[in-house]
Structure formats: C-alpha cells, structure tokens
>>> print(open('work.tsv').read())   # TSV, C-alpha atoms (C1' of nucleotides)
chain	number	residue	atom	x	y	z
H	73	MET	CA	-3.80	92.17	-27.56
H	74	SER	CA	-6.21	89.31	-26.89
H	75	PRO	CA	-8.76	89.82	-24.09
H	76	ALA	CA	-7.19	86.93	-22.15
H	77	LEU	CA	-3.73	88.51	-22.22
H	78	ASN	CA	-5.19	91.85	-21.19
H	79	ARG	CA	-6.23	90.41	-17.82
H	80	PRO	CA	-4.41	91.96	-14.85
H	81	ALA	CA	-1.26	90.13	-13.77
H	82	ASP	CA	-2.42	90.06	-10.14
H	83	THR	CA	-5.19	87.58	-10.90
H	84	LEU	CA	-3.93	84.13	-11.90
H	85	VAL	CA	-2.63	80.81	-10.53
H	86	VAL	CA	0.94	80.31	-9.25
H	87	LEU	CA	1.99	76.67	-9.21
H	88	ASP	CA	4.91	74.41	-8.37
H	89	PHE	CA	5.56	70.72	-9.03
H	90	GLU	CA	7.72	68.25	-7.15
H	91	THR	CA	8.68	65.45	-9.51
H	92	THR	CA	10.68	62.24	-9.83
H	93	GLY	CA	13.31	64.03	-11.95
H	94	LEU	CA	13.94	66.72	-14.50
H	95	SER	CA	12.33	65.51	-17.69
H	96	PRO	CA	8.87	64.11	-18.49
H	97	ASP	CA	10.32	63.11	-21.87
H	98	GLN	CA	12.60	60.72	-19.96
H	99	GLY	CA	9.67	59.22	-18.06
H	100	ASP	CA	9.70	61.44	-15.02
H	101	ARG	CA	6.36	62.06	-13.29
H	102	ALA	CA	4.84	64.57	-10.91
H	103	ILE	CA	4.66	63.55	-7.23
H	104	GLU	CA	3.19	66.73	-5.71
H	105	ILE	CA	1.48	69.88	-6.92
H	106	GLY	CA	0.97	73.06	-4.96
H	107	ALA	CA	-0.82	76.14	-6.24
H	108	VAL	CA	-2.02	79.53	-5.04
H	109	ARG	CA	-4.80	81.48	-6.71
H	110	LEU	CA	-4.19	85.21	-6.69
H	111	LEU	CA	-7.28	87.40	-7.03
H	112	ASN	CA	-6.77	91.17	-7.29
H	113	GLY	CA	-3.36	90.85	-5.66
H	114	SER	CA	-4.37	88.67	-2.71
H	115	VAL	CA	-4.25	84.93	-2.05
H	116	ALA	CA	-7.81	83.72	-2.60
H	117	ASP	CA	-7.42	79.94	-2.73
H	118	ARG	CA	-4.88	77.12	-2.44
H	119	PHE	CA	-4.42	73.62	-3.89
H	120	GLN	CA	-2.00	70.97	-2.60
H	121	ALA	CA	-1.83	67.24	-3.23
H	122	LEU	CA	0.67	64.41	-3.23
H	123	MET	CA	0.22	61.90	-6.04
H	124	ASN	CA	1.42	58.37	-6.60
H	125	PRO	CA	3.55	58.15	-9.76
H	126	GLY	CA	3.25	54.36	-9.90
H	127	ARG	CA	6.81	53.58	-8.99
H	128	ARG	CA	9.38	54.24	-6.29
H	129	ILE	CA	11.20	57.58	-6.21
H	130	SER	CA	14.96	57.87	-5.80
H	131	GLY	CA	16.77	58.54	-2.55
H	132	PHE	CA	17.91	61.83	-4.03
H	133	ILE	CA	14.31	63.00	-4.50
H	134	GLU	CA	13.31	61.75	-1.02
H	135	ASN	CA	16.14	63.81	0.48
H	136	TYR	CA	15.57	66.82	-1.78
H	137	THR	CA	11.84	67.13	-1.15
H	138	GLY	CA	11.26	65.34	2.13
H	139	ILE	CA	8.57	63.33	0.32
H	140	SER	CA	9.06	59.62	1.04
H	141	ASN	CA	7.99	56.50	-0.82
H	142	ALA	CA	5.81	55.69	2.20
H	143	MET	CA	3.98	59.02	1.82
H	144	LEU	CA	3.37	58.39	-1.88
H	145	ALA	CA	2.18	54.81	-1.33
H	146	ASP	CA	-1.00	56.18	0.28
H	147	ALA	CA	-1.47	59.02	-2.24
H	148	PRO	CA	-4.04	58.97	-5.06
H	149	PRO	CA	-2.75	58.39	-8.60
H	150	CYS	CA	-1.52	61.26	-10.76
H	151	ALA	CA	-4.58	61.09	-13.04
H	152	GLU	CA	-6.99	61.67	-10.14
H	153	VAL	CA	-5.03	64.60	-8.70
H	154	MET	CA	-4.39	66.26	-12.05
H	155	SER	CA	-8.08	66.01	-12.96
H	156	GLU	CA	-8.92	67.83	-9.73
H	157	PHE	CA	-6.22	70.40	-10.44
H	158	ALA	CA	-7.58	71.02	-13.94
H	159	ALA	CA	-10.91	71.96	-12.36
H	160	PHE	CA	-9.08	74.25	-9.92
H	161	VAL	CA	-7.04	76.10	-12.53
H	162	GLY	CA	-9.68	76.44	-15.26
H	163	ASP	CA	-8.35	78.71	-17.99
H	164	ASP	CA	-6.51	81.05	-15.64
H	165	HIS	CA	-3.04	82.19	-16.62
H	166	LEU	CA	-0.16	80.54	-14.84
H	167	VAL	CA	3.09	81.54	-13.15
H	168	ALA	CA	5.96	79.31	-12.05
H	169	HIS	CA	9.59	79.85	-11.09
H	170	ASN	CA	11.50	78.54	-14.10
H	171	ALA	CA	8.20	77.95	-15.87
H	172	SER	CA	9.77	75.93	-18.68
H	173	PHE	CA	10.15	73.13	-16.13
H	174	ASP	CA	6.66	73.22	-14.61
H	175	SER	CA	4.92	73.81	-17.95
H	176	ARG	CA	6.52	70.67	-19.39
H	177	PHE	CA	5.23	68.59	-16.47
H	178	LEU	CA	1.77	70.20	-16.53
H	179	GLU	CA	1.43	69.56	-20.26
H	180	ALA	CA	2.68	65.98	-19.88
H	181	GLU	CA	0.38	65.11	-16.95
H	182	PHE	CA	-2.63	66.79	-18.57
H	183	ALA	CA	-1.90	65.02	-21.86
H	184	ARG	CA	-2.03	61.66	-20.05
H	185	ILE	CA	-5.66	62.39	-19.09
H	186	GLY	CA	-6.57	64.00	-22.40
H	187	LEU	CA	-6.69	67.61	-21.23
H	188	PRO	CA	-5.12	70.73	-22.76
H	189	VAL	CA	-3.50	73.49	-20.72
H	190	GLY	CA	-5.96	76.37	-20.97
H	191	GLY	CA	-3.98	79.36	-19.72
H	192	THR	CA	-0.68	80.93	-20.71
H	193	PHE	CA	2.48	80.43	-18.65
H	194	VAL	CA	4.85	83.19	-17.66
H	195	CYS	CA	8.08	82.71	-15.75
H	196	SER	CA	8.85	84.50	-12.47
H	197	MET	CA	12.55	83.67	-12.80
H	198	LEU	CA	12.89	85.36	-16.20
H	199	ALA	CA	10.96	88.37	-14.90
H	200	ALA	CA	13.19	88.54	-11.82
H	201	ARG	CA	16.33	88.44	-13.97
H	202	ARG	CA	15.02	91.54	-15.74
H	203	LEU	CA	13.82	93.39	-12.66
H	204	TYR	CA	16.50	92.40	-10.15
H	205	PRO	CA	19.73	91.95	-12.17
H	206	GLN	CA	21.72	92.90	-9.06
H	207	ALA	CA	20.41	89.96	-6.98
H	208	PRO	CA	23.10	87.43	-5.94
H	209	ASN	CA	21.37	84.83	-8.12
H	210	HIS	CA	17.82	84.10	-9.25
H	211	LYS	CA	17.02	80.95	-7.33
H	212	LEU	CA	13.62	81.21	-5.63
H	213	GLY	CA	15.01	81.03	-2.09
H	214	THR	CA	17.65	83.67	-2.81
H	215	LEU	CA	15.09	86.09	-4.27
H	216	VAL	CA	12.76	85.58	-1.30
H	217	ALA	CA	15.60	86.50	1.06
H	218	TYR	CA	16.77	89.34	-1.20
H	219	LYS	CA	13.33	90.99	-1.12
H	220	ASN	CA	12.65	90.12	2.56
H	221	LEU	CA	9.50	88.22	1.62
H	222	PRO	CA	7.57	86.13	4.16
H	223	THR	CA	8.55	82.48	4.40
H	224	GLU	CA	7.90	79.62	6.81
H	225	GLY	CA	11.34	78.18	6.16
H	226	VAL	CA	10.04	75.24	4.13
H	227	TYR	CA	11.67	74.72	0.71
H	228	HIS	CA	11.23	72.17	-2.05
H	229	ARG	CA	7.66	71.37	-1.11
H	230	ALA	CA	5.10	72.31	-3.73
H	231	LEU	CA	2.70	74.53	-1.78
H	232	ALA	CA	5.47	76.31	0.15
H	233	ASP	CA	7.36	77.04	-3.07
H	234	ALA	CA	4.15	78.18	-4.81
H	235	GLU	CA	3.40	80.52	-1.87
H	236	MET	CA	6.91	82.02	-2.06
H	237	THR	CA	6.67	82.37	-5.84
H	238	ALA	CA	3.33	84.15	-5.42
H	239	GLN	CA	4.85	86.57	-2.90
H	240	LEU	CA	7.77	87.22	-5.26
H	241	TRP	CA	5.34	87.78	-8.13
H	242	LEU	CA	3.29	90.32	-6.14
H	243	GLN	CA	6.50	92.08	-5.07
H	244	MET	CA	7.60	92.40	-8.70
H	245	LEU	CA	4.20	93.86	-9.65
H	246	ALA	CA	4.39	96.33	-6.75
H	247	ASP	CA	7.94	97.36	-7.69
H	248	LEU	CA	6.91	97.86	-11.33
H	249	GLU	CA	3.87	99.90	-10.36
H	250	GLN	CA	5.93	102.09	-8.03
H	251	GLU	CA	9.00	102.56	-10.20
H	252	HIS	CA	7.21	103.06	-13.52
H	253	GLY	CA	3.96	104.69	-12.46
H	254	LEU	CA	1.77	101.81	-13.63
H	255	SER	CA	-1.65	101.50	-12.03
H	256	ARG	CA	-2.21	97.78	-12.57
H	257	VAL	CA	0.19	95.68	-14.62
H	258	PRO	CA	-1.48	93.63	-17.40
H	259	PHE	CA	-0.48	89.97	-17.76
H	260	ALA	CA	0.75	90.68	-21.29
H	261	VAL	CA	3.30	93.17	-19.96
H	262	MET	CA	4.78	90.54	-17.64
H	263	GLN	CA	4.81	88.06	-20.50
H	264	GLN	CA	6.56	90.58	-22.74
H	265	LEU	CA	9.00	91.45	-19.98
H	266	THR	CA	10.33	87.89	-20.01
H	267	ARG	CA	10.78	87.97	-23.78
H	268	THR	CA	12.30	91.38	-24.25
H	269	ALA	CA	16.00	92.17	-24.40
H	270	LYS	CA	17.24	93.91	-21.28
H	271	SER	CA	17.87	97.15	-23.15
H	272	SER	CA	14.23	97.22	-24.27
H	273	VAL	CA	12.62	96.71	-20.86
H	274	ALA	CA	12.70	100.40	-19.96
H	275	ALA	CA	11.08	101.34	-23.27
H	276	LEU	CA	8.40	98.69	-22.81
H	277	LEU	CA	7.52	100.02	-19.37
H	278	ARG	CA	7.54	103.64	-20.55
H	279	ARG	CA	5.04	102.75	-23.26
H	280	GLU	CA	2.83	100.92	-20.76
H	281	ALA	CA	2.94	103.86	-18.32
H	282	GLN	CA	1.74	106.17	-21.10
H	283	ARG	CA	-1.24	103.99	-22.06
R	4	DT	C1'	24.32	51.06	-11.31
R	5	DG	C1'	24.49	55.27	-13.31
R	6	DC	C1'	22.69	58.57	-15.92
R	7	DC	C1'	19.18	61.44	-18.21
R	8	DA	C1'	16.52	67.86	-20.28
R	9	DG	C1'	15.63	72.20	-22.11
R	10	DG	C1'	15.14	77.20	-22.55
R	11	DC	C1'	17.37	81.52	-21.61
R	12	DC	C1'	21.36	84.38	-21.50
R	13	DC	C1'	26.17	85.97	-21.65
R	14	DT	C1'	30.44	86.24	-24.11
R	15	DC	C1'	36.78	85.26	-25.11
R	16	DT	C1'	29.56	85.00	-29.86
R	17	DT	C1'	26.60	84.50	-34.14
R	18	DT	C1'	30.03	78.41	-38.33
R	19	DA	C1'	29.68	77.96	-30.06
R	20	DG	C1'	30.13	76.90	-25.49
R	21	DG	C1'	28.81	76.94	-20.98
R	22	DG	C1'	26.34	78.68	-16.68
R	23	DC	C1'	21.88	79.24	-14.64
R	24	DC	C1'	17.45	77.36	-12.96
R	25	DT	C1'	13.90	73.74	-12.14
R	26	DT	C1'	13.43	68.05	-9.63
>>> encode(input="work.tsv", output="structure tokens")
Amino acid sequence: MSPALNRPADTLVVLDFETTGLSPDQGDRAIEIGAVRLLNGSVADRFQALMNPGRRISGFIENYTGISNAMLADAPPCAEVMSEFAAFVGDDHLVAHNASFDSRFLEAEFARIGLPVGGTFVCSMLAARRLYPQAPNHKLGTLVAYKNLPTEGVYHRALADAEMTAQLWLQMLADLEQEHGLSRVPFAVMQQLTRTAKSSVAALLRREAQR
DNA sequence: TGCCAGGCCCTCTTTAGGGCCTT
C-alpha cells in the first residue's frame, strides 16, 4: 500500500460542485465549489466560492441551485477560483457524493489552468450503497435523513452539500469502527470498499480488523 | 428550441438493458 493511501480516512477534503450541466465533455462548467477539510475526524477548514463560467446558465440550473445569473455576473472567473481551490486542497485525498461527477469537473477545470489533481477520489455514494443497502435510496439528502445527520435544510448549494457529505462520511467511518472493531479506518480501505463486490465487503473488513 | 454523460450495479445477464446518482 502506498504511504498516501495509508493515510487515515478521517483526514481529507470533501467537496461538491454546482455546475451548468452534467458533462464537462459537452462544454459544461463549474459555477460553485464548496469544500470541507476534515482533520482527525473534525471539520478543520472550509472553502466556498461562486465562479463566473463566462456565459448565462439555464433556468433549470437557476431553479435547481438557487444560483442566479445575477449572482454569477459579479463572481470571479473559474480560473481564479480554481487556482485558489488548488492551493486549498493541496495533495489531500478527496471525497464526493457520486465522485465520478465531481472528479470529472475537477479534472476539467484544473486542466484548463494547467494543474493536475493531486489526491485520489473516493465516492461516498458507492460506500453508502455497501454499508447501508437497506436505505430507501442513496441520494445525499435521503442518507442524511436516514442517519439523522445534522442539516441546515439547504440542498443543492456546494458548501451545504459538502458539509452533509462530510457528516455522512464521518458517520460511515464511525459505523465501520463500531461494527467491525476497527480503530481508525485507512483511506485505502474506504477506496477498496467502493470497488469490492458486496459479498467480499465482510471479508475485507475482517482482514482490516485483524491487522 | 431542445437536448446532451458516464460509471456502477442488478438481473428476466455476460453476444444487454436499464435504473441509480450527480447538475
């Protein structure tokens, strides 16, 4: 296991993008980023910024996010915000809910300013499917309600969603530690959890508990 | 104006299709 992947899973950056649409390959851009830095299982820092994608956003996205074209008109450009975010995130590992979505946008926005993504992404939704198969569904808001996690009732804004994802992440770590006798879950275990067939999850956790 | 993606996972599967999740 590489030293980076052996870091504890309670020390990393949880992020969420609001965007103009679903696909950077189709020209969609980020309009807001929110992120929470977890350090030893506690929120240690936050990052939030609107960014101007250089064109108007659709009425659907205005309604979905509550972010208006007027709000974005006064926002700094994506390049400026993403450069600041790169300094914030460093080479920390990353968590997002449905990470395949956020990782595509992070890679696309970083690529536009000539930066690589330093850390490794892992997906809270895939982990939750493994750990909470009995949940009604695995949308972020549903899981927050299912686990009675704290929320301010704001959804589809980047920092609020990142905060809720961070709380869900910490809850999953706590449940794993309690149910499987783990002292502190390594990042690599959470990464493996999202890649492992359901029938193999128990064996994976047994091995980790015996380490 | 209208429409767009992609990875994971399940099953009436694997020579495939469709739901879930993200904006």
>>> interface_residues(input="work.tsv", of="chain H", to="chain R", cutoff="9 Å", atoms="only C-alpha atoms (C1' of nucleotides)", output="PDB file with C-alpha atoms, keeping the file's coordinate frame")
ATOM      1  CA  PHE H  89       5.560  70.720  -9.030  1.00  0.00           C
ATOM      2  CA  GLU H  90       7.720  68.250  -7.150  1.00  0.00           C
ATOM      3  CA  THR H  91       8.680  65.450  -9.510  1.00  0.00           C
ATOM      4  CA  THR H  92      10.680  62.240  -9.830  1.00  0.00           C
ATOM      5  CA  GLY H  93      13.310  64.030 -11.950  1.00  0.00           C
ATOM      6  CA  LEU H  94      13.940  66.720 -14.500  1.00  0.00           C
ATOM      7  CA  SER H  95      12.330  65.510 -17.690  1.00  0.00           C
ATOM      8  CA  PRO H  96       8.870  64.110 -18.490  1.00  0.00           C
ATOM      9  CA  ASP H  97      10.320  63.110 -21.870  1.00  0.00           C
ATOM     10  CA  GLN H  98      12.600  60.720 -19.960  1.00  0.00           C
ATOM     11  CA  ILE H 133      14.310  63.000  -4.500  1.00  0.00           C
ATOM     12  CA  TYR H 136      15.570  66.820  -1.780  1.00  0.00           C
ATOM     13  CA  THR H 137      11.840  67.130  -1.150  1.00  0.00           C
ATOM     14  CA  HIS H 169       9.590  79.850 -11.090  1.00  0.00           C
ATOM     15  CA  ASN H 170      11.500  78.540 -14.100  1.00  0.00           C
ATOM     16  CA  ALA H 171       8.200  77.950 -15.870  1.00  0.00           C
ATOM     17  CA  SER H 172       9.770  75.930 -18.680  1.00  0.00           C
ATOM     18  CA  PHE H 173      10.150  73.130 -16.130  1.00  0.00           C
ATOM     19  CA  ASP H 174       6.660  73.220 -14.610  1.00  0.00           C
ATOM     20  CA  MET H 197      12.550  83.670 -12.800  1.00  0.00           C
ATOM     21  CA  LEU H 198      12.890  85.360 -16.200  1.00  0.00           C
ATOM     22  CA  ASN H 209      21.370  84.830  -8.120  1.00  0.00           C
ATOM     23  CA  HIS H 210      17.820  84.100  -9.250  1.00  0.00           C
ATOM     24  CA  LYS H 211      17.020  80.950  -7.330  1.00  0.00           C
ATOM     25  CA  HIS H 228      11.230  72.170  -2.050  1.00  0.00           C
TER      26      HIS H 228
END
>>> residues_around(input="work.tsv", residues="stretch 212-217 of chain H", least_positions_apart="2", cutoff="9 Å", atoms="all atoms listed in the file", output="list of chain:residue names")
H:His169, H:Ser196, H:Met197, H:Ala200, H:Tyr204, H:Ala207, H:Pro208, H:Asn209, H:His210, H:Lys219, H:Asn220, H:Leu221, H:Pro222, H:Thr223, H:Tyr227, H:Asp233, H:Met236, H:Thr237, H:Gln239, H:Leu240
>>> atom_distance(input="work.tsv", atom1="atom CA of H:Gly126", atom2="atom CA of H:Ala102")
10.4 Å
>>> atom_distance(input="work.tsv", atom1="atom CA of H:Arg278", atom2="atom CA of H:Ala76")
22.3 Å
>>> atom_distance(input="work.tsv", atom1="atom CA of H:Arg79", atom2="atom CA of H:Pro258")
5.8 Å
>>> residues_around(input="work.tsv", residues="H:Phe193", least_positions_apart="6", cutoff="8 Å", atoms="all atoms listed in the file", output="list of chain:residue names")
H:His165, H:Leu166, H:Val167, H:Ala168, H:Ala171, H:Ser175
>>> axis_aligned_box(input="work.tsv", around="stretch 9-20 of chain R", padding_each_side="8 Å", output="AutoDock Vina command-line options")
--center_x 26.0 --center_y 79.2 --center_z -29.9 --size_x 37.6 --size_y 30.0 --size_z 32.8
>>> residues_around(input="work.tsv", residues="H:Met143", least_positions_apart="5", cutoff="12 Å", atoms="only C-alpha atoms (C1' of nucleotides)", output="PyMOL selection string")
chain H and resi 103-104+121-125+128-129+134+137-138+148
>>> residues_around(input="work.tsv", residues="H:Gly162", least_positions_apart="3", cutoff="8 Å", atoms="only C-alpha atoms (C1' of nucleotides)", output="tab-separated table (two decimals) with C-alpha atoms, in the frame of the given file")
chain	number	residue	atom	x	y	z
H	158	ALA	CA	-7.58	71.02	-13.94
H	159	ALA	CA	-10.91	71.96	-12.36
H	190	GLY	CA	-5.96	76.37	-20.97
H	191	GLY	CA	-3.98	79.36	-19.72
>>> residues_around(input="work.tsv", residues="H:Arg109", least_positions_apart="6", cutoff="10 Å", atoms="all atoms listed in the file", output="MDAnalysis selection string")
chainID H and resid 82:87 115:119 160:161 164 166 234:235 238
